[in-house]
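**Q** First the structure, which I've put down as structure tokens, then a few questions once you've had a look.
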Amino acid sequence: MTDMPRRYTMLNRHLAPGRVGLVVGLILLGCFVALFLSRGAMGLPGPEKMDLIARLAPPSPAHPLGTDHLGRDLAARLLAAISVSLGAALTAMSMILAIALPWGGIAGLVGGRTDTVLMRLADIIMAFPTLVLALAVIGFMGASLEASIIGVAAAWWPSTARLIRSLVLSAKERDFVRAAYLSGASRQRVILRHIVPQILPPLAVIVSLETASVLLALSSLSFLGIGAQPPTPEWGAMLNEARPFFTQAPHMLIAPGVAVVLAVVTFNLIGEGMRDILDKRQAYQW
Amino acid sequence: MLKFLLTRFATALPTVLGMSFVAFAIVALAPGDPVQMELRAMGVVPKPEDIAALKAEYGLDQPFFIRYGAWLWRALHLDFGTSVATGRSVISEIGLYMPATLTLALSALFGAVVISLVLGTLAIMAHRFTATGVRVLTILLVSVPSFWLALLFIHIFILNLGWARLIGDGTVYDLILPALTLSLGAGAALGRFVYERAYAEACEDYVRLAIAKGVTPVRILVCHIGPRIIGPLTTVWANALGGLLGGAVIVESIFGWPGLGQLILQAIGQRDFPVIQGYLVLMGLIFFAMSFVADIVVILADPQLRRKVSND
């Protein structure tokens, strides 16, 4: 036990980047929410108000981020898009969880033949490249934001279900779960009091990281013109609209791109930060 | 060995069958009547008896599973019907653009593997501050959408520096920027995985023993940790191809690379179901074949697994 204090300080040192990342991620998330809530108080024109005289105007006091090809204020559109882009990602994520939680949970808890059948079915969906499957679903439903959310959810849920299953399996094998079961606790009690609390922290990590990748996929689909349709303000769709004015008005490309990057970084930082804090392993240093 | 390969094939068959069923069911369940849509595309106002006759001609009045069987039989002969938009056969249409997409995806995969190894090794080997820097860079690269990166690259390398051109003719030179765009994000995501696997191994006692014996860090990484993680890494690298095949659509449409991206986006716009279906099936098969081969390579490359296989 003599090396305890030393290992403890090394543990602290290792945790530092993760904790910083988590804090930065949470601050960024707070900024997004605050910006969205305070967008009315900034005195910006409406996100769909056109001003054809001020088309493609560079940033100015009246339009802090400039205007687009229809003279709409970019800052206003960018802020209005927070609810569309993040809302779409969160909707897709809740759809994914709605399928993956029962699917992976039942597979892990019941085990045996049920587990095999459920996982083989999930494998079939996972055998398709995710974005290709999402594209196909959108193709058959017709391009819209709703279709892209459904397409992404349909392509993303099996991998999440697999992760949830593995969490449940490792939680189920712990000695205290067996002890609770042997001491006569009901199945419901074992699941609610002993298994669920174990899988919640790693599940939060998965949800956060998956939200980041879903957000990226949804904005890519909008950029391709098969997600959010104009005039809906959405970061990917705004970049798509900006493409023809690439050389004339580069300012149209910067702000929405930075917004997507920051939003995805937010969820990645939160996810990785939480994982670093949960991870108790310590590598031997050389 | 032959027995091992055959059993592997046998276990893969249900998955492939299931994939074909998904691809068929998506179209069968899609909203809208294909006959009416085709007639409308030809500019004909359909009468109910015409629709019934056409349905009988195409076998669309048959029960679901009989249609699936017929479709599967034709799909086995690579016959996915004709494109509604161009009237040409789907397979020739896809075959025309497939090589470009595969070239792009495979070169991006190669780039991503190299990037992942560099980033992963740097993160595990480097000094604490450098390692933090590498991790920050990794998170940034994972978070930058490929379409925005592509636009930035075009702005920097094509418009400002003039090192490449936007309207290419599909030569290797035109491949560099799209492949780089695609491989940076994928490489960073894979690098995160390399780091995690190597880190998990670095917590094991055999690494502690190697350190105690005075083995150099590079040697520990290459000779002790490397062989242990190369199997899982190969699987993950092979699976990354799926993301790259999908991501190719985005990058192709920006750089004008003559791959399947343009075709599939047009097909989605025109609701050209046969093309979308053929695309889904072929991409699924390529991806599945890649993971299948990777699985076998991993097993055959691992002495312990190989011994188990030859004993069975």
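In the structure tokens, chains take letters A, B, ... by order of appearance, with residues numbered from 1 within each chain and ligands from 1 in the order shown.
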Quick one: everything within 8 Å of segment 176-181 of chain B, counting only C-alpha atoms, minus sequence neighbours fewer than 5 positions away in the same chain. Send it as a list in words.
**A**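 The neighbour list is Leu104, Ala105, Ser107, Ala108, Gly111, Ser146, Leu149, Ala150, Phe153, Val251, Glu252, Phe255 and Trp257 of chain B.
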**Q** Output C-alpha atoms of each residue in that selection to a file, as a PDB file, in the first residue's frame.
**A**
```pdb
ATOM      1  CA  LEU B 104     -12.190   6.855 -53.386  1.00  0.00           C
ATOM      2  CA  ALA B 105     -13.427   4.801 -50.430  1.00  0.00           C
ATOM      3  CA  SER B 107      -7.833   5.135 -50.776  1.00  0.00           C
ATOM      4  CA  ALA B 108      -9.587   7.028 -47.982  1.00  0.00           C
ATOM      5  CA  GLY B 111      -5.318   7.154 -45.454  1.00  0.00           C
ATOM      6  CA  SER B 146     -16.587  16.371 -44.040  1.00  0.00           C
ATOM      7  CA  LEU B 149     -13.782  20.460 -44.483  1.00  0.00           C
ATOM      8  CA  ALA B 150     -14.192  19.876 -48.224  1.00  0.00           C
ATOM      9  CA  PHE B 153      -9.976  22.649 -48.671  1.00  0.00           C
ATOM     10  CA  VAL B 251     -17.483  14.347 -50.662  1.00  0.00           C
ATOM     11  CA  GLU B 252     -18.115  13.277 -54.259  1.00  0.00           C
ATOM     12  CA  PHE B 255     -15.483  17.727 -55.481  1.00  0.00           C
ATOM     13  CA  TRP B 257     -15.660  13.131 -58.314  1.00  0.00           C
TER      14      TRP B 257
END
```
**Q** Only residues of chain B matter here; which ones have an atom within 7 Å of chain A, counting only C-alpha atoms? Give them as number ranges by chain.
**A** B: 15, 18-19, 27, 30-31, 132, 139-140, 143-145, 147-148, 199, 202-203, 208, 211, 217, 242-243, 246, 250, 268, 271, 273, 276, 280, 284, 287-288
**Q** Mind dumping the selected residues with C-alpha atoms as a PDB file, in the first residue's frame?
**A**
```pdb
ATOM      1  CA  THR B  15     -27.421 -12.342 -42.774  1.00  0.00           C
ATOM      2  CA  GLY B  18     -31.910 -10.892 -44.290  1.00  0.00           C
ATOM      3  CA  MET B  19     -30.180  -7.956 -46.003  1.00  0.00           C
ATOM      4  CA  VAL B  27     -39.383  -0.632 -51.516  1.00  0.00           C
ATOM      5  CA  ALA B  30     -42.508   2.716 -49.495  1.00  0.00           C
ATOM      6  CA  PRO B  31     -45.439   5.102 -49.808  1.00  0.00           C
ATOM      7  CA  THR B 132      -3.468  16.187 -24.488  1.00  0.00           C
ATOM      8  CA  ILE B 139     -11.839  15.511 -31.005  1.00  0.00           C
ATOM      9  CA  LEU B 140     -11.689  18.452 -33.417  1.00  0.00           C
ATOM     10  CA  SER B 143     -16.240  16.836 -35.050  1.00  0.00           C
ATOM     11  CA  VAL B 144     -15.549  18.674 -38.309  1.00  0.00           C
ATOM     12  CA  PRO B 145     -18.191  17.684 -40.866  1.00  0.00           C
ATOM     13  CA  PHE B 147     -18.650  18.690 -46.230  1.00  0.00           C
ATOM     14  CA  TRP B 148     -17.351  21.772 -44.457  1.00  0.00           C
ATOM     15  CA  TYR B 199      -4.347   2.128 -23.291  1.00  0.00           C
ATOM     16  CA  ALA B 202      -0.969  -0.687 -21.085  1.00  0.00           C
ATOM     17  CA  CYS B 203      -2.940  -1.322 -17.865  1.00  0.00           C
ATOM     18  CA  ARG B 208       4.416  -3.720 -16.148  1.00  0.00           C
ATOM     19  CA  ILE B 211       8.812  -2.065 -18.121  1.00  0.00           C
ATOM     20  CA  PRO B 217       8.790   1.935 -24.834  1.00  0.00           C
ATOM     21  CA  GLY B 242     -18.976   1.296 -44.340  1.00  0.00           C
ATOM     22  CA  GLY B 243     -18.724   4.860 -43.085  1.00  0.00           C
ATOM     23  CA  GLY B 246     -21.564   6.485 -47.196  1.00  0.00           C
ATOM     24  CA  ILE B 250     -21.035  13.773 -49.506  1.00  0.00           C
ATOM     25  CA  ILE B 268     -33.487  10.260 -54.433  1.00  0.00           C
ATOM     26  CA  ARG B 271     -37.716   8.847 -56.542  1.00  0.00           C
ATOM     27  CA  PHE B 273     -36.636   3.294 -56.627  1.00  0.00           C
ATOM     28  CA  ILE B 276     -31.812   3.248 -54.846  1.00  0.00           C
ATOM     29  CA  LEU B 280     -28.443  -0.316 -51.210  1.00  0.00           C
ATOM     30  CA  GLY B 284     -24.375  -3.589 -48.451  1.00  0.00           C
ATOM     31  CA  PHE B 287     -19.338  -3.762 -47.035  1.00  0.00           C
ATOM     32  CA  PHE B 288     -20.424  -7.183 -45.835  1.00  0.00           C
TER      33      PHE B 288
END
```
**Q** I'd like the neighbourhood of Pro59 of chain A as a list in words, where a residue qualifies if any of its atoms comes within 10 Å (using only C-alpha atoms), though same-chain residues fewer than 2 positions away should be ignored.
**A**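 Here the answer would be Leu56, Ala57, Pro61, Ala62, His63, Pro64, Leu65, Gly66, Thr67, Asp73, Leu74, Ala75, His251 and Met252 of chain A.
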**Q** Might you pull out every residue within 9 Å of segment 85-88 of chain B, with only C-alpha atoms counted and same-chain residues fewer than 6 positions away left off, and present them as a ChimeraX atom specification?
**A** /B:41,267,270-272
**Q** Residues at most 7 Å from segment 77-81 of chain A, counting only C-alpha atoms, excluding those fewer than 3 positions away in the same chain, as a list in words?
**A**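 After dropping sequence-adjacent residues, the list is Leu35, Phe36, Arg39, Pro47, Asp73, Leu74, Val84, Ser85, Pro233, Glu234, Trp235 and Pro256 of chain A.
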**Q** Give me the residues within 12 Å of Val113 of chain B as an mmCIF file with C-alpha atoms, in the first residue's frame, counting only C-alpha atoms and dropping any in the same chain fewer than 2 places off.
**A**
```
data_model
loop_
_atom_site.group_PDB
_atom_site.id
_atom_site.type_symbol
_atom_site.label_atom_id
_atom_site.label_comp_id
_atom_site.auth_asym_id
_atom_site.auth_seq_id
_atom_site.Cartn_x
_atom_site.Cartn_y
_atom_site.Cartn_z
ATOM 1 C CA LEU B 106 -10.466 2.401 -50.475
ATOM 2 C CA SER B 107 -7.833 5.135 -50.776
ATOM 3 C CA ALA B 108 -9.587 7.028 -47.982
ATOM 4 C CA LEU B 109 -9.526 3.830 -45.931
ATOM 5 C CA PHE B 110 -5.788 3.522 -46.499
ATOM 6 C CA GLY B 111 -5.318 7.154 -45.454
ATOM 7 C CA ILE B 115 -3.741 8.604 -39.717
ATOM 8 C CA SER B 116 -5.260 6.440 -36.980
ATOM 9 C CA LEU B 117 -1.936 4.726 -36.305
ATOM 10 C CA VAL B 118 -0.066 8.036 -36.155
ATOM 11 C CA LEU B 119 -2.629 9.727 -33.884
ATOM 12 C CA GLY B 120 -3.125 6.675 -31.677
ATOM 13 C CA LEU B 180 -7.828 13.330 -47.706
ATOM 14 C CA LEU B 182 -12.759 11.672 -46.191
ATOM 15 C CA SER B 183 -9.861 10.045 -44.357
ATOM 16 C CA LEU B 184 -9.197 12.823 -41.809
ATOM 17 C CA GLY B 185 -12.461 12.400 -39.897
ATOM 18 C CA ALA B 186 -12.450 8.612 -40.168
ATOM 19 C CA GLY B 187 -8.748 8.467 -39.268
ATOM 20 C CA ALA B 188 -9.325 10.531 -36.120
ATOM 21 C CA ALA B 189 -12.233 8.317 -35.038
ATOM 22 C CA LEU B 190 -10.110 5.226 -35.630
ATOM 23 C CA GLY B 191 -7.156 6.865 -33.882
ATOM 24 C CA ARG B 192 -9.351 7.236 -30.801
ATOM 25 C CA PHE B 193 -9.956 3.502 -30.999
ATOM 26 C CA VAL B 194 -6.250 2.682 -31.438
ATOM 27 C CA ILE B 230 -3.861 -5.837 -34.297
ATOM 28 C CA LEU B 233 -7.976 -3.076 -35.008
ATOM 29 C CA THR B 234 -8.234 -4.923 -38.333
ATOM 30 C CA THR B 235 -11.916 -5.603 -37.649
ATOM 31 C CA VAL B 236 -12.560 -1.949 -36.852
ATOM 32 C CA TRP B 237 -10.592 -0.771 -39.894
ATOM 33 C CA ALA B 238 -12.624 -3.040 -42.137
ATOM 34 C CA ASN B 239 -15.842 -1.764 -40.575
ATOM 35 C CA ALA B 240 -14.743 1.816 -41.234
ATOM 36 C CA LEU B 241 -15.228 1.122 -44.939
#
```
**Q** Please report the interatomic distance between atom CA of Leu22 of chain A and atom CA of Gly273 of chain A in Å with one decimal.
**A**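 These two atoms are separated by 4.4 Å.
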**Q** Can you pull out every residue within 10 Å of Val214 of chain A, counting only C-alpha atoms, but drop anything in the same chain fewer than 6 positions away, and send it as a list of chain:residue names?
**A**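 Close residues of Val214 of chain A: A:Leu86, A:Ala88, A:Ala89, A:Leu90, A:Ala92, A:Met93, A:Ile96, A:Ile149, A:Val152, A:Ala153, A:Trp156, A:Ser208, A:Ser220, A:Val264.
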**Q** Kindly assemble as a Markdown table a list of the segment 168-281 of chain A residues that lie within 10 Å of segment 98-117 of chain A, each paired with its nearest atom pair and their distance in Å to one decimal, using only C-alpha atoms, sorted first by chain and then by ascending residue number.
**A**
```
| residue | atom | partner | partner_atom | distance |
| --- | --- | --- | --- | --- |
| A:Val168 | CA | A:Gly108 | CA | 5.5 |
| A:Leu169 | CA | A:Gly108 | CA | 5.3 |
| A:Ser170 | CA | A:Gly108 | CA | 9.0 |
| A:Ala171 | CA | A:Gly108 | CA | 9.6 |
| A:Lys172 | CA | A:Leu109 | CA | 7.6 |
| A:Ile191 | CA | A:Leu109 | CA | 8.8 |
| A:Ile195 | CA | A:Leu109 | CA | 9.6 |
| A:Val196 | CA | A:Gly105 | CA | 9.9 |
| A:Leu203 | CA | A:Leu101 | CA | 9.9 |
```
**Q** Which one of B:Ala301, B:Leu161, B:Leu151, B:Leu102 sits closest to Ser253 of chain B if you count only C-alpha atoms?
**A**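 Of B:Ala301, B:Leu161, B:Leu151, B:Leu102, the one nearest Ser253 of chain B is B:Leu151, counting only C-alpha atoms.
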